[in-house]
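A.B. asks: Sharing a structure below in structure tokens format, with a few things to ask.
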Amino acid sequence: IANYLMGPSNCIASSTYFSVCCLSECEGLMRELEQKIRAPTASAEQLLELVGNMSSSSVEAPRDLPEMLVDKLWTIADRHSGKVPLHARLFAQWMHFVFPSECPYPHAVEDVAVLRPSHWSGQRRASATDE
């Protein structure tokens, strides 16, 4: 649900400089974490305490997180010298599993060609090596 709501097809207006889209409840959750942590990284222990006490439209607090999610967060912290980067893809994925209706799943882009408009339009520019 969250990936659909955050998709560009769900925006009602856009221009070169902005898009008018649905509000992201996940951004509100992240803002709450940022205000309490006031740093780009946090310990897994601190995040587990804070996130366990956060509510959303579909999740009531306080709650005990499943052991699998707790272990995953500790694994992320271990990969980053004991701190979890708040704005990294792995933490965003973890937030998706903690708040599945609020936070979109951040897919890893394997090929940067996917980001080019020509990939989606089926058109391709000829380069000097193609001719």
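Going through the structure tokens in order, the chains are called A, B, and so on, while each chain numbers its residues from 1 and the ligands are numbered from 1 in the order shown.
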Leaving out Gly28 in chain A and any residue of its chain fewer than 4 positions from it, which residues lie within 12 Å of it when counting only C-alpha atoms, given as a VMD selection string?

C.D. replies: chain A and resid 23 to 24 32 to 35 54 to 57 99 102 to 103

A.B. asks: Excluding Pro66 in chain A and its own-chain neighbours fewer than 4 positions away, which residues fall within 12 Å of it when counting only C-alpha atoms? Please give them as a list in words.

C.D. replies: Leu48, Gly52, Val70, Asp71, Lys72, Leu73, Trp94, Phe97 and Val98 of chain A

A.B. asks: How about saving the chosen residues, all heavy atoms kept, as a short mmCIF file (atom, residue, chain, number, x, y, z; two decimals), in the first residue's frame?

C.D. replies:
```cif
data_model
loop_
_atom_site.label_atom_id
_atom_site.label_comp_id
_atom_site.auth_asym_id
_atom_site.auth_seq_id
_atom_site.Cartn_x
_atom_site.Cartn_y
_atom_site.Cartn_z
N LEU A 48 15.28 0.83 19.06
CA LEU A 48 14.27 -0.14 19.49
C LEU A 48 13.35 0.47 20.54
O LEU A 48 12.14 0.26 20.52
CB LEU A 48 14.94 -1.41 20.00
CG LEU A 48 15.60 -2.26 18.93
CD1 LEU A 48 16.45 -3.35 19.57
CD2 LEU A 48 14.56 -2.86 17.99
N GLY A 52 9.56 1.29 19.35
CA GLY A 52 8.58 0.50 20.10
C GLY A 52 7.51 1.34 20.75
O GLY A 52 6.44 0.85 21.10
N VAL A 70 14.13 -7.25 15.58
CA VAL A 70 15.15 -6.81 16.53
C VAL A 70 16.52 -7.29 16.06
O VAL A 70 17.49 -6.52 16.02
CB VAL A 70 14.83 -7.33 17.95
CG1 VAL A 70 15.98 -7.05 18.91
CG2 VAL A 70 13.53 -6.71 18.47
N ASP A 71 16.61 -8.56 15.67
CA ASP A 71 17.88 -9.12 15.19
C ASP A 71 18.35 -8.40 13.93
O ASP A 71 19.55 -8.14 13.77
CB ASP A 71 17.74 -10.61 14.90
CG ASP A 71 17.55 -11.44 16.17
OD1 ASP A 71 17.84 -10.92 17.27
OD2 ASP A 71 17.11 -12.60 16.04
N LYS A 72 17.42 -8.08 13.04
CA LYS A 72 17.78 -7.39 11.80
C LYS A 72 18.37 -6.01 12.09
O LYS A 72 19.36 -5.60 11.47
CB LYS A 72 16.54 -7.28 10.90
CG LYS A 72 16.80 -6.59 9.59
CD LYS A 72 17.70 -7.40 8.69
CE LYS A 72 17.82 -6.75 7.33
NZ LYS A 72 18.85 -7.35 6.53
N LEU A 73 17.81 -5.30 13.05
CA LEU A 73 18.32 -3.98 13.38
C LEU A 73 19.73 -4.08 13.99
O LEU A 73 20.61 -3.29 13.66
CB LEU A 73 17.38 -3.24 14.34
CG LEU A 73 17.74 -1.78 14.58
CD1 LEU A 73 17.62 -0.97 13.28
CD2 LEU A 73 16.86 -1.18 15.64
N TRP A 94 13.95 -1.72 7.03
CA TRP A 94 13.54 -2.15 8.36
C TRP A 94 12.28 -1.41 8.79
O TRP A 94 11.35 -2.01 9.32
CB TRP A 94 14.69 -1.92 9.35
CG TRP A 94 14.44 -2.45 10.71
CD1 TRP A 94 14.59 -3.74 11.13
CD2 TRP A 94 13.98 -1.72 11.85
NE1 TRP A 94 14.28 -3.85 12.46
CE2 TRP A 94 13.89 -2.62 12.93
CE3 TRP A 94 13.66 -0.38 12.06
CZ2 TRP A 94 13.48 -2.23 14.19
CZ3 TRP A 94 13.25 0.01 13.32
CH2 TRP A 94 13.16 -0.92 14.38
N PHE A 97 9.15 -2.89 7.36
CA PHE A 97 8.64 -4.08 8.05
C PHE A 97 8.04 -3.75 9.41
O PHE A 97 7.14 -4.45 9.87
CB PHE A 97 9.74 -5.13 8.18
CG PHE A 97 10.11 -5.73 6.85
CD1 PHE A 97 11.34 -5.49 6.29
CD2 PHE A 97 9.20 -6.50 6.14
CE1 PHE A 97 11.68 -6.01 5.05
CE2 PHE A 97 9.52 -7.02 4.90
CZ PHE A 97 10.77 -6.78 4.35
N VAL A 98 8.48 -2.68 10.03
CA VAL A 98 7.92 -2.25 11.31
C VAL A 98 6.59 -1.51 11.10
O VAL A 98 5.65 -1.69 11.86
CB VAL A 98 8.93 -1.36 12.08
CG1 VAL A 98 8.31 -0.81 13.35
CG2 VAL A 98 10.20 -2.15 12.39
#
```

A.B. asks: Find the distance between CA of Leu47 in chain A and CA of Pro100 in chain A and write it in Å to one decimal.

C.D. replies: 17.2 Å

A.B. asks: Need to verify the contact set: Ile37 in chain A, 12 Å, only C-alpha atoms, exclusion of same-chain residues closer than 2 positions in sequence. Can you return it as a VMD selection string?

C.D. replies: chain A and resid 30 to 35 39 to 44 46 to 47 49 to 51 84 to 86

A.B. asks: With C-alpha atoms retained, write the just-selected residues as an mmCIF file, in the first residue's frame.

C.D. replies:
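Okay, part29.cif is ready:
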```cif
data_model
loop_
_atom_site.group_PDB
_atom_site.id
_atom_site.type_symbol
_atom_site.label_atom_id
_atom_site.label_comp_id
_atom_site.auth_asym_id
_atom_site.auth_seq_id
_atom_site.Cartn_x
_atom_site.Cartn_y
_atom_site.Cartn_z
ATOM 1 C CA MET A 30 11.098 9.641 10.480
ATOM 2 C CA ARG A 31 10.723 13.280 11.536
ATOM 3 C CA GLU A 32 9.747 12.116 15.027
ATOM 4 C CA LEU A 33 12.862 9.920 15.189
ATOM 5 C CA GLU A 34 15.085 12.728 13.901
ATOM 6 C CA GLN A 35 13.759 15.147 16.512
ATOM 7 C CA ALA A 39 22.041 12.809 14.845
ATOM 8 C CA PRO A 40 22.450 10.957 11.526
ATOM 9 C CA THR A 41 23.009 7.651 13.333
ATOM 10 C CA ALA A 42 21.702 5.951 16.459
ATOM 11 C CA SER A 43 22.347 2.788 18.419
ATOM 12 C CA ALA A 44 20.057 -0.190 17.853
ATOM 13 C CA GLN A 46 17.970 3.570 21.278
ATOM 14 C CA LEU A 47 16.026 2.927 18.054
ATOM 15 C CA GLU A 49 13.113 1.885 22.488
ATOM 16 C CA LEU A 50 11.917 4.831 20.392
ATOM 17 C CA VAL A 51 10.252 2.829 17.603
ATOM 18 C CA VAL A 84 22.396 2.547 12.462
ATOM 19 C CA PRO A 85 22.408 5.213 9.716
ATOM 20 C CA LEU A 86 18.901 6.719 9.781
#
```
